[in-house]
Amino acid sequence: MSITTQPQSPSTDQLRSSVAGPVLVPGDAGFGAELAGFNVACTPDATIVVGATCAADVAAAIRYARTHGLRVGVRATGHGAIPEGHGRLIVTTARMNDVAVDPVARTARVGAGARWRDVTAVTAPHGLTGLVGSSSGVGVVGYTLGGGLSPLGREFGYAADQVRSLELVTADGQVRAVDSTTHPDLFWALLGGRDGLGIVTTIEIGLVELATVHGGGIFFAGDSASDVLHAWRSWAPMLPEEAGTSVAVTRLPPDPNLPPPLQGRTVVHLRFTHTGDPGRAESLLAPMRNAGQVLLDTIGAVPVAALDAVHMDPPGPLPAVDRGATLSALPAEAVDAMIAVAGPAVDSPLAIVEIRLLGGALRRTQGPANAVTGRDAEFAVTGIGVCAGPLGDQVDSHLRALTTAVAPWTSGALLGFCGLPAAERAALWPAETRARLSEIRRRYDPTGTFSPTGSDQLE
């Protein structure tokens, strides 16, 4: 008679003696909390979790994983999905959240676990800002390596365009300094290619001089969705580069923390930012003010450290799934198709269905060449569904309906907004770029240490 036994996890004694941070295995106190993140739709798991405090901890963890045949993943804030499961060592970087600003050079050195709010807290007093996204709770490194789409992007480009240098640990356990002249191929691939190349421990970014913007949101009644969305699709492409905008059909909960006119309602949320003269901004915005029934208008002066107020993304953890696409055009037929599957009249689990205006400086690489996707797109569409409540099990089908509805105008997707598993992301890049990314991954990680399956996911 044969007896089948489960493979035993390797001893962690040597690893514990090599790193300053905690080393946890299933059953240890704090194991689940160490892996937990913003998106509670994911139930993370791993064979070992290492709470890194510095680049040396990351290097020791990777060397240990290689020795014991474990693949490696990384978690910072937990906004994005990570490769996980038995046979994987996860490095968490939340403790590596130092930020150092050089106001003269207009740069910031940011640790791997820092969130944008950590950066804006120290840059804002100098009248400077990085290209923060719609939520300051998002981690700087993952956001930036995925491209980094900011409300300020039409004037300043993608966040990846502002990266000056990186420190990372590659699959051989070596700490490397990388920029446009030192390991330039790796630098190019990390900025926009992001995954499967190593664990970034520090990122140096350029800052822009900006203290406030004129912007905020206008909330229209859901019944005005068709009028507002059609007005927006004609108005938005005419804006100058210093203006950014998006519009979203948003299903809001009956949260008493929301303004009373919005609680428990489905609304159309127009977002707007302008970095120039407030009078000019108001003139540009005027055509949209009468596009539908206004419930709430929050347009005004917004400090760059408070840009969260423009999109009003949920501040706390959610069980969410997202899917996105970029569009080459937004004709009336595309708007009608979106309303038909995700408009206010549809009983839907999609909390947010958003259209963002791209173009402007987003079309042009602002620094050294990089692998950011979607530069030729005119718009980005994103659906976010909440996997809870009576319709929670229908999120995937509603997201598929949304992406199918806009398929005739789809040009691709942005890495940070695509919502695709790693094995399906290859199509985001043209064949030539995909081949170059794959070759660089093979060179720096020949055994697939950072791959979800131990193989090159872009082939």
# chains A, B, ... in the order shown; residues from 1 in each chain; ligands from 1
$ select_by_dssp --residues "stretch 224-432 of chain A" --states "alpha helix (DSSP H)" --output "short mmCIF file (atom, residue, chain, number, x, y, z; two decimals) with N, CA, C and O atoms, in the first residue's frame"
data_model
loop_
_atom_site.label_atom_id
_atom_site.label_comp_id
_atom_site.auth_asym_id
_atom_site.auth_seq_id
_atom_site.Cartn_x
_atom_site.Cartn_y
_atom_site.Cartn_z
N ALA A 225 -28.20 60.51 -18.09
CA ALA A 225 -27.00 59.82 -18.58
C ALA A 225 -26.81 59.99 -20.07
O ALA A 225 -25.71 60.32 -20.53
N SER A 226 -27.82 59.75 -20.86
CA SER A 226 -27.66 59.83 -22.31
C SER A 226 -27.26 61.24 -22.74
O SER A 226 -26.32 61.42 -23.52
N ASP A 227 -27.94 62.24 -22.21
CA ASP A 227 -27.63 63.63 -22.59
C ASP A 227 -26.21 64.01 -22.17
O ASP A 227 -25.46 64.62 -22.94
N VAL A 228 -25.83 63.64 -20.96
CA VAL A 228 -24.51 64.03 -20.45
C VAL A 228 -23.40 63.31 -21.21
O VAL A 228 -22.41 63.94 -21.62
N LEU A 229 -23.54 62.01 -21.41
CA LEU A 229 -22.49 61.26 -22.09
C LEU A 229 -22.32 61.69 -23.54
O LEU A 229 -21.20 61.80 -24.05
N HIS A 230 -23.42 61.97 -24.22
CA HIS A 230 -23.30 62.44 -25.61
C HIS A 230 -22.71 63.84 -25.66
O HIS A 230 -21.91 64.14 -26.57
N ALA A 231 -23.08 64.69 -24.72
CA ALA A 231 -22.47 66.02 -24.68
C ALA A 231 -20.98 65.93 -24.39
O ALA A 231 -20.16 66.62 -25.00
N TRP A 232 -20.62 65.05 -23.44
CA TRP A 232 -19.20 64.90 -23.06
C TRP A 232 -18.37 64.39 -24.22
O TRP A 232 -17.23 64.88 -24.43
N ARG A 233 -18.86 63.43 -24.98
CA ARG A 233 -18.05 62.84 -26.06
C ARG A 233 -17.75 63.87 -27.14
O ARG A 233 -16.72 63.78 -27.80
N SER A 234 -18.60 64.87 -27.30
CA SER A 234 -18.33 65.94 -28.28
C SER A 234 -17.46 67.03 -27.70
O SER A 234 -16.64 67.62 -28.40
N TRP A 235 -17.62 67.30 -26.41
CA TRP A 235 -16.92 68.39 -25.74
C TRP A 235 -15.48 68.04 -25.38
O TRP A 235 -14.56 68.83 -25.60
N PRO A 278 -8.03 79.90 -13.55
CA PRO A 278 -9.36 79.44 -13.18
C PRO A 278 -10.48 80.00 -14.06
O PRO A 278 -11.46 79.30 -14.33
N GLY A 279 -10.32 81.24 -14.49
CA GLY A 279 -11.32 81.82 -15.38
C GLY A 279 -11.39 81.07 -16.70
O GLY A 279 -12.50 80.82 -17.22
N ARG A 280 -10.25 80.73 -17.23
CA ARG A 280 -10.20 79.94 -18.47
C ARG A 280 -10.82 78.57 -18.24
O ARG A 280 -11.55 78.05 -19.08
N ALA A 281 -10.53 77.97 -17.08
CA ALA A 281 -11.10 76.67 -16.76
C ALA A 281 -12.62 76.72 -16.73
O ALA A 281 -13.30 75.84 -17.28
N GLU A 282 -13.17 77.75 -16.10
CA GLU A 282 -14.63 77.88 -16.02
C GLU A 282 -15.24 78.09 -17.40
O GLU A 282 -16.32 77.57 -17.71
N SER A 283 -14.54 78.83 -18.24
CA SER A 283 -15.03 79.03 -19.60
C SER A 283 -15.08 77.72 -20.37
O SER A 283 -16.03 77.44 -21.11
N LEU A 284 -14.03 76.89 -20.20
CA LEU A 284 -14.00 75.60 -20.88
C LEU A 284 -15.10 74.67 -20.38
O LEU A 284 -15.68 73.90 -21.15
N LEU A 285 -15.39 74.74 -19.09
CA LEU A 285 -16.36 73.84 -18.48
C LEU A 285 -17.81 74.24 -18.75
O LEU A 285 -18.72 73.41 -18.66
N ALA A 286 -18.02 75.50 -19.10
CA ALA A 286 -19.38 76.04 -19.22
C ALA A 286 -20.32 75.19 -20.08
O ALA A 286 -21.48 74.99 -19.70
N PRO A 287 -19.91 74.68 -21.24
CA PRO A 287 -20.85 73.91 -22.07
C PRO A 287 -21.42 72.67 -21.38
O PRO A 287 -22.50 72.20 -21.76
N MET A 288 -20.71 72.13 -20.38
CA MET A 288 -21.18 70.92 -19.72
C MET A 288 -22.08 71.18 -18.52
O MET A 288 -22.77 70.27 -18.05
N ARG A 289 -22.11 72.39 -18.04
CA ARG A 289 -22.87 72.65 -16.82
C ARG A 289 -24.37 72.46 -17.01
O ARG A 289 -25.09 72.16 -16.05
N ASP A 308 -7.64 63.45 -4.72
CA ASP A 308 -8.65 62.41 -4.51
C ASP A 308 -10.06 62.98 -4.65
O ASP A 308 -11.00 62.26 -5.01
N ALA A 309 -10.22 64.25 -4.33
CA ALA A 309 -11.55 64.87 -4.35
C ALA A 309 -12.12 64.97 -5.75
O ALA A 309 -13.32 65.19 -5.91
N VAL A 310 -11.29 64.81 -6.78
CA VAL A 310 -11.78 64.92 -8.16
C VAL A 310 -12.55 63.66 -8.55
O VAL A 310 -13.69 63.72 -9.00
N HIS A 311 -11.95 62.50 -8.36
CA HIS A 311 -12.60 61.24 -8.75
C HIS A 311 -13.44 60.63 -7.64
O HIS A 311 -14.35 59.85 -7.91
N ALA A 332 -21.23 58.30 -31.41
CA ALA A 332 -22.51 58.19 -30.71
C ALA A 332 -22.92 56.74 -30.52
O ALA A 332 -23.49 56.37 -29.47
N GLU A 333 -22.59 55.90 -31.50
CA GLU A 333 -22.97 54.49 -31.41
C GLU A 333 -22.28 53.81 -30.24
O GLU A 333 -22.86 52.91 -29.59
N ALA A 334 -21.05 54.20 -29.93
CA ALA A 334 -20.33 53.60 -28.81
C ALA A 334 -20.98 54.00 -27.48
O ALA A 334 -21.12 53.17 -26.57
N VAL A 335 -21.35 55.25 -27.36
CA VAL A 335 -22.03 55.71 -26.14
C VAL A 335 -23.35 54.97 -25.96
O VAL A 335 -23.67 54.49 -24.86
N ASP A 336 -24.12 54.86 -27.03
CA ASP A 336 -25.39 54.15 -26.94
C ASP A 336 -25.19 52.69 -26.55
O ASP A 336 -25.98 52.13 -25.77
N ALA A 337 -24.15 52.07 -27.09
CA ALA A 337 -23.88 50.67 -26.77
C ALA A 337 -23.53 50.50 -25.29
O ALA A 337 -23.96 49.53 -24.64
N MET A 338 -22.76 51.44 -24.73
CA MET A 338 -22.41 51.38 -23.32
C MET A 338 -23.64 51.58 -22.43
O MET A 338 -23.83 50.87 -21.44
N ILE A 339 -24.48 52.54 -22.78
CA ILE A 339 -25.68 52.80 -21.99
C ILE A 339 -26.61 51.58 -22.00
O ILE A 339 -27.23 51.24 -21.00
N ALA A 340 -26.66 50.91 -23.14
CA ALA A 340 -27.56 49.76 -23.27
C ALA A 340 -27.18 48.62 -22.33
O ALA A 340 -28.06 47.89 -21.84
N VAL A 341 -25.88 48.46 -22.03
CA VAL A 341 -25.45 47.33 -21.19
C VAL A 341 -25.09 47.74 -19.77
O VAL A 341 -25.03 46.89 -18.88
N ALA A 342 -24.84 49.05 -19.53
CA ALA A 342 -24.36 49.46 -18.22
C ALA A 342 -24.93 50.79 -17.75
O ALA A 342 -24.46 51.34 -16.75
N VAL A 395 -20.84 39.83 -11.85
CA VAL A 395 -19.86 40.86 -12.23
C VAL A 395 -19.15 40.50 -13.52
O VAL A 395 -19.04 41.32 -14.44
N ASP A 396 -18.65 39.28 -13.64
CA ASP A 396 -17.89 38.89 -14.82
C ASP A 396 -18.72 39.02 -16.10
O ASP A 396 -18.23 39.53 -17.12
N SER A 397 -19.96 38.59 -16.07
CA SER A 397 -20.79 38.67 -17.27
C SER A 397 -21.09 40.11 -17.65
O SER A 397 -21.14 40.45 -18.84
N HIS A 398 -21.26 40.98 -16.67
CA HIS A 398 -21.52 42.39 -16.98
C HIS A 398 -20.27 43.08 -17.51
O HIS A 398 -20.36 43.94 -18.39
N LEU A 399 -19.10 42.71 -16.98
CA LEU A 399 -17.86 43.27 -17.53
C LEU A 399 -17.64 42.81 -18.96
O LEU A 399 -17.21 43.59 -19.82
N ARG A 400 -17.93 41.54 -19.24
CA ARG A 400 -17.81 41.04 -20.61
C ARG A 400 -18.77 41.78 -21.54
O ARG A 400 -18.43 42.11 -22.68
N ALA A 401 -19.98 42.04 -21.06
CA ALA A 401 -20.96 42.76 -21.88
C ALA A 401 -20.46 44.17 -22.21
O ALA A 401 -20.65 44.67 -23.32
N LEU A 402 -19.81 44.81 -21.23
CA LEU A 402 -19.28 46.15 -21.45
C LEU A 402 -18.17 46.14 -22.50
O LEU A 402 -18.18 46.95 -23.44
N THR A 403 -17.19 45.25 -22.34
CA THR A 403 -16.09 45.23 -23.30
C THR A 403 -16.55 44.77 -24.69
O THR A 403 -16.02 45.23 -25.70
N THR A 404 -17.57 43.91 -24.74
CA THR A 404 -18.13 43.51 -26.03
C THR A 404 -18.83 44.69 -26.70
O THR A 404 -18.74 44.87 -27.92
N ALA A 405 -19.52 45.50 -25.90
CA ALA A 405 -20.26 46.63 -26.45
C ALA A 405 -19.34 47.63 -27.14
O ALA A 405 -19.71 48.24 -28.15
N ALA A 431 3.56 43.21 -31.71
CA ALA A 431 4.39 42.00 -31.76
C ALA A 431 5.87 42.31 -31.52
O ALA A 431 6.56 41.58 -30.81
N GLU A 432 6.38 43.38 -32.11
CA GLU A 432 7.80 43.71 -31.95
C GLU A 432 8.14 44.04 -30.50
O GLU A 432 9.16 43.59 -29.96
#
$ residues_around --residues "A:Thr373" --least-positions-apart "5" --cutoff "7 Å" --atoms "only C-alpha atoms" --output "list in words"
Gly192, Leu414, Leu415, Leu428 and Trp429 of chain A
$ residues_around --residues "stretch 361-366 of chain A" --least-positions-apart "4" --cutoff "6 Å" --atoms "only C-alpha atoms" --output "list in words"
Arg154, Glu155, Phe156, Gly157, Tyr158, Asp161, Arg375 and Asp376 of chain A
$ write_last_selection --atoms "C-alpha atoms" --output "PDB file, in the first residue's frame"
ATOM      1  CA  ARG A 154      -2.742  65.096 -20.701  1.00  0.00           C
ATOM      2  CA  GLU A 155      -0.304  67.884 -19.831  1.00  0.00           C
ATOM      3  CA  PHE A 156       2.605  65.920 -18.336  1.00  0.00           C
ATOM      4  CA  GLY A 157       2.349  62.388 -19.780  1.00  0.00           C
ATOM      5  CA  TYR A 158       2.317  59.034 -18.011  1.00  0.00           C
ATOM      6  CA  ASP A 161       7.693  59.058 -18.319  1.00  0.00           C
ATOM      7  CA  ARG A 375      -0.241  55.909 -26.453  1.00  0.00           C
ATOM      8  CA  ASP A 376      -2.254  56.014 -29.675  1.00  0.00           C
TER       9      ASP A 376
END
$ closest_residue --among "A:Thr67, A:Val213, A:Thr170, A:Thr273" --to "A:Val302" --atoms "only C-alpha atoms"
A:Val213
$ residues_around --residues "stretch 184-191 of chain A" --least-positions-apart "4" --cutoff "7 Å" --atoms "only C-alpha atoms" --output "count of residues only"
14
$ atom_distance --atom1 "atom CA of A:Leu15" --atom2 "atom CA of A:Ala33"
20.1 Å
$ residues_around --residues "A:Arg71" --least-positions-apart "6" --cutoff "6 Å" --atoms "only C-alpha atoms" --output "list in words"
Arg88, Thr449 and Phe450 of chain A
$ residues_around --residues "A:Ala112" --least-positions-apart "3" --cutoff "6 Å" --atoms "only C-alpha atoms" --output "ChimeraX atom specification"
/A:93,96,141,201-202
$ write_last_selection --atoms "all heavy atoms" --output "PDB file, in the first residue's frame"
ATOM      1  N   THR A  93       6.207  44.784   0.696  1.00  0.00           N
ATOM      2  CA  THR A  93       7.110  45.942   0.748  1.00  0.00           C
ATOM      3  C   THR A  93       6.547  47.121   1.529  1.00  0.00           C
ATOM      4  O   THR A  93       7.105  48.216   1.484  1.00  0.00           O
ATOM      5  CB  THR A  93       7.457  46.406  -0.679  1.00  0.00           C
ATOM      6  OG1 THR A  93       6.246  46.813  -1.344  1.00  0.00           O
ATOM      7  CG2 THR A  93       8.148  45.317  -1.476  1.00  0.00           C
ATOM      8  N   MET A  96       8.743  49.487   3.449  1.00  0.00           N
ATOM      9  CA  MET A  96       9.745  50.264   2.707  1.00  0.00           C
ATOM     10  C   MET A  96       9.064  51.501   2.114  1.00  0.00           C
ATOM     11  O   MET A  96       8.913  51.644   0.916  1.00  0.00           O
ATOM     12  CB  MET A  96      10.356  49.388   1.619  1.00  0.00           C
ATOM     13  CG  MET A  96      11.030  48.137   2.165  1.00  0.00           C
ATOM     14  SD  MET A  96      11.444  46.918   0.905  1.00  0.00           S
ATOM     15  CE  MET A  96      12.586  47.852  -0.128  1.00  0.00           C
ATOM     16  N   VAL A 141       4.991  52.546  -6.817  1.00  0.00           N
ATOM     17  CA  VAL A 141       5.803  51.722  -7.708  1.00  0.00           C
ATOM     18  C   VAL A 141       4.945  50.934  -8.692  1.00  0.00           C
ATOM     19  O   VAL A 141       5.147  50.999  -9.912  1.00  0.00           O
ATOM     20  CB  VAL A 141       6.726  50.788  -6.909  1.00  0.00           C
ATOM     21  CG1 VAL A 141       7.345  49.728  -7.818  1.00  0.00           C
ATOM     22  CG2 VAL A 141       7.840  51.593  -6.254  1.00  0.00           C
ATOM     23  N   THR A 201      12.827  48.164  -5.530  1.00  0.00           N
ATOM     24  CA  THR A 201      12.899  48.545  -4.119  1.00  0.00           C
ATOM     25  C   THR A 201      12.884  50.058  -3.914  1.00  0.00           C
ATOM     26  O   THR A 201      12.469  50.524  -2.848  1.00  0.00           O
ATOM     27  CB  THR A 201      14.161  47.951  -3.485  1.00  0.00           C
ATOM     28  OG1 THR A 201      15.315  48.313  -4.269  1.00  0.00           O
ATOM     29  CG2 THR A 201      14.063  46.431  -3.429  1.00  0.00           C
ATOM     30  N   THR A 202      13.340  50.802  -4.904  1.00  0.00           N
ATOM     31  CA  THR A 202      13.320  52.267  -4.835  1.00  0.00           C
ATOM     32  C   THR A 202      13.093  52.811  -6.241  1.00  0.00           C
ATOM     33  O   THR A 202      13.618  52.257  -7.219  1.00  0.00           O
ATOM     34  CB  THR A 202      14.645  52.841  -4.293  1.00  0.00           C
ATOM     35  OG1 THR A 202      14.929  52.265  -3.025  1.00  0.00           O
ATOM     36  CG2 THR A 202      14.575  54.352  -4.144  1.00  0.00           C
TER      37      THR A 202
END
$ select_by_dssp --residues "stretch 239-380 of chain A" --states "strand (DSSP E)" --output "ChimeraX atom specification"
/A:243-251,266-274,294-297,300-303,320-327,350-357,379-380
$ closest_residue --among "A:Thr77, A:Thr298, A:Asn257, A:Ser134" --to "A:Gly215" --atoms "only C-alpha atoms"
A:Thr298
$ closest_residue --among "A:Ala413, A:Arg164, A:Val353, A:Ser136" --to "A:Thr120" --atoms "only C-alpha atoms"
A:Ser136
$ atom_distance --atom1 "atom CA of A:Arg425" --atom2 "atom CA of A:Val247"
25.8 Å
$ closest_residue --among "A:Ala422, A:Leu152, A:Val169, A:Val101" --to "A:His274" --atoms "only C-alpha atoms"
A:Leu152
$ decode --residues "stretch 55-156 of chain A" --atoms "C-alpha atoms" --output "PDB file, in the first residue's frame"
ATOM      1  CA  ALA A  55      16.690  45.861  -0.561  1.00  0.00           C
ATOM      2  CA  ALA A  56      18.945  43.408   1.282  1.00  0.00           C
ATOM      3  CA  ASP A  57      15.861  41.646   2.692  1.00  0.00           C
ATOM      4  CA  VAL A  58      14.399  41.371  -0.816  1.00  0.00           C
ATOM      5  CA  ALA A  59      17.665  39.962  -2.167  1.00  0.00           C
ATOM      6  CA  ALA A  60      17.896  37.385   0.628  1.00  0.00           C
ATOM      7  CA  ALA A  61      14.292  36.308   0.008  1.00  0.00           C
ATOM      8  CA  ILE A  62      14.865  35.855  -3.714  1.00  0.00           C
ATOM      9  CA  ARG A  63      18.057  33.860  -3.194  1.00  0.00           C
ATOM     10  CA  TYR A  64      16.235  31.634  -0.713  1.00  0.00           C
ATOM     11  CA  ALA A  65      13.363  31.119  -3.161  1.00  0.00           C
ATOM     12  CA  ARG A  66      15.751  30.166  -5.946  1.00  0.00           C
ATOM     13  CA  THR A  67      17.553  27.671  -3.692  1.00  0.00           C
ATOM     14  CA  HIS A  68      14.297  25.988  -2.686  1.00  0.00           C
ATOM     15  CA  GLY A  69      12.521  26.048  -6.048  1.00  0.00           C
ATOM     16  CA  LEU A  70       9.901  28.646  -5.110  1.00  0.00           C
ATOM     17  CA  ARG A  71       8.539  31.275  -7.470  1.00  0.00           C
ATOM     18  CA  VAL A  72       8.392  34.867  -6.241  1.00  0.00           C
ATOM     19  CA  GLY A  73       5.668  37.497  -6.144  1.00  0.00           C
ATOM     20  CA  VAL A  74       5.486  40.948  -4.578  1.00  0.00           C
ATOM     21  CA  ARG A  75       2.741  42.854  -2.771  1.00  0.00           C
ATOM     22  CA  ALA A  76       2.790  46.516  -1.797  1.00  0.00           C
ATOM     23  CA  THR A  77      -0.664  48.010  -1.189  1.00  0.00           C
ATOM     24  CA  GLY A  78      -2.676  45.132  -2.628  1.00  0.00           C
ATOM     25  CA  HIS A  79      -4.602  47.129  -5.239  1.00  0.00           C
ATOM     26  CA  GLY A  80      -3.579  44.777  -8.012  1.00  0.00           C
ATOM     27  CA  ALA A  81      -3.654  40.995  -8.235  1.00  0.00           C
ATOM     28  CA  ILE A  82      -0.407  39.140  -7.479  1.00  0.00           C
ATOM     29  CA  PRO A  83       0.829  35.687  -8.454  1.00  0.00           C
ATOM     30  CA  GLU A  84       0.272  33.561  -5.387  1.00  0.00           C
ATOM     31  CA  GLY A  85      -0.421  30.074  -4.056  1.00  0.00           C
ATOM     32  CA  HIS A  86       1.517  27.068  -2.812  1.00  0.00           C
ATOM     33  CA  GLY A  87       5.072  26.983  -4.068  1.00  0.00           C
ATOM     34  CA  ARG A  88       5.384  30.763  -4.021  1.00  0.00           C
ATOM     35  CA  LEU A  89       7.233  33.174  -1.783  1.00  0.00           C
ATOM     36  CA  ILE A  90       5.603  36.602  -1.524  1.00  0.00           C
ATOM     37  CA  VAL A  91       7.652  39.655  -0.639  1.00  0.00           C
ATOM     38  CA  THR A  92       5.639  42.460   0.958  1.00  0.00           C
ATOM     39  CA  THR A  93       7.110  45.942   0.748  1.00  0.00           C
ATOM     40  CA  ALA A  94       4.766  48.046   2.921  1.00  0.00           C
ATOM     41  CA  ARG A  95       7.566  48.725   5.429  1.00  0.00           C
ATOM     42  CA  MET A  96       9.745  50.264   2.707  1.00  0.00           C
ATOM     43  CA  ASN A  97       7.834  53.539   2.530  1.00  0.00           C
ATOM     44  CA  ASP A  98      10.516  56.216   2.898  1.00  0.00           C
ATOM     45  CA  VAL A  99      10.233  59.312   0.695  1.00  0.00           C
ATOM     46  CA  ALA A 100      13.051  61.837   0.185  1.00  0.00           C
ATOM     47  CA  VAL A 101      12.474  64.999  -1.849  1.00  0.00           C
ATOM     48  CA  ASP A 102      15.059  67.198  -3.541  1.00  0.00           C
ATOM     49  CA  PRO A 103      13.128  70.425  -4.205  1.00  0.00           C
ATOM     50  CA  VAL A 104      15.996  71.952  -6.190  1.00  0.00           C
ATOM     51  CA  ALA A 105      16.356  69.033  -8.595  1.00  0.00           C
ATOM     52  CA  ARG A 106      12.561  68.505  -8.428  1.00  0.00           C
ATOM     53  CA  THR A 107      12.891  64.789  -7.786  1.00  0.00           C
ATOM     54  CA  ALA A 108      11.740  62.314  -5.162  1.00  0.00           C
ATOM     55  CA  ARG A 109      13.223  58.961  -4.144  1.00  0.00           C
ATOM     56  CA  VAL A 110      10.380  56.702  -3.115  1.00  0.00           C
ATOM     57  CA  GLY A 111      10.465  53.339  -1.370  1.00  0.00           C
ATOM     58  CA  ALA A 112       8.677  50.342  -2.831  1.00  0.00           C
ATOM     59  CA  GLY A 113       5.902  50.364  -0.238  1.00  0.00           C
ATOM     60  CA  ALA A 114       5.055  54.070  -0.352  1.00  0.00           C
ATOM     61  CA  ARG A 115       1.616  55.247  -1.409  1.00  0.00           C
ATOM     62  CA  TRP A 116       1.016  58.431  -3.326  1.00  0.00           C
ATOM     63  CA  ARG A 117      -0.299  60.130  -0.194  1.00  0.00           C
ATOM     64  CA  ASP A 118       3.126  59.581   1.378  1.00  0.00           C
ATOM     65  CA  VAL A 119       4.713  61.401  -1.545  1.00  0.00           C
ATOM     66  CA  THR A 120       2.281  64.323  -1.798  1.00  0.00           C
ATOM     67  CA  ALA A 121       2.608  64.964   1.921  1.00  0.00           C
ATOM     68  CA  VAL A 122       6.261  65.920   1.452  1.00  0.00           C
ATOM     69  CA  THR A 123       6.170  67.402  -2.063  1.00  0.00           C
ATOM     70  CA  ALA A 124       3.179  69.729  -1.628  1.00  0.00           C
ATOM     71  CA  PRO A 125       4.930  72.104   0.829  1.00  0.00           C
ATOM     72  CA  HIS A 126       7.447  72.805  -1.960  1.00  0.00           C
ATOM     73  CA  GLY A 127       4.740  73.499  -4.556  1.00  0.00           C
ATOM     74  CA  LEU A 128       5.643  70.247  -6.323  1.00  0.00           C
ATOM     75  CA  THR A 129       3.790  67.072  -7.212  1.00  0.00           C
ATOM     76  CA  GLY A 130       4.327  63.731  -8.865  1.00  0.00           C
ATOM     77  CA  LEU A 131       1.845  62.435 -11.398  1.00  0.00           C
ATOM     78  CA  VAL A 132      -0.475  60.980  -8.774  1.00  0.00           C
ATOM     79  CA  GLY A 133      -3.419  58.900  -9.936  1.00  0.00           C
ATOM     80  CA  SER A 134      -7.084  59.297  -9.111  1.00  0.00           C
ATOM     81  CA  SER A 135      -6.499  57.793  -5.648  1.00  0.00           C
ATOM     82  CA  SER A 136      -3.602  58.695  -3.363  1.00  0.00           C
ATOM     83  CA  GLY A 137      -3.970  55.348  -1.598  1.00  0.00           C
ATOM     84  CA  VAL A 138      -2.423  53.487  -4.533  1.00  0.00           C
ATOM     85  CA  GLY A 139       1.201  52.362  -4.311  1.00  0.00           C
ATOM     86  CA  VAL A 140       3.652  54.517  -6.271  1.00  0.00           C
ATOM     87  CA  VAL A 141       5.803  51.722  -7.708  1.00  0.00           C
ATOM     88  CA  GLY A 142       3.156  49.378  -9.118  1.00  0.00           C
ATOM     89  CA  TYR A 143       1.118  52.286 -10.486  1.00  0.00           C
ATOM     90  CA  THR A 144       4.126  53.878 -12.162  1.00  0.00           C
ATOM     91  CA  LEU A 145       5.615  50.696 -13.638  1.00  0.00           C
ATOM     92  CA  GLY A 146       2.195  49.937 -15.136  1.00  0.00           C
ATOM     93  CA  GLY A 147       2.258  53.310 -16.906  1.00  0.00           C
ATOM     94  CA  GLY A 148       0.494  55.489 -14.363  1.00  0.00           C
ATOM     95  CA  LEU A 149      -2.498  57.430 -15.721  1.00  0.00           C
ATOM     96  CA  SER A 150      -2.907  60.678 -13.785  1.00  0.00           C
ATOM     97  CA  PRO A 151      -5.647  63.307 -13.985  1.00  0.00           C
ATOM     98  CA  LEU A 152      -2.692  65.538 -14.929  1.00  0.00           C
ATOM     99  CA  GLY A 153      -1.474  63.191 -17.671  1.00  0.00           C
ATOM    100  CA  ARG A 154      -2.742  65.096 -20.701  1.00  0.00           C
ATOM    101  CA  GLU A 155      -0.304  67.884 -19.831  1.00  0.00           C
ATOM    102  CA  PHE A 156       2.605  65.920 -18.336  1.00  0.00           C
TER     103      PHE A 156
END
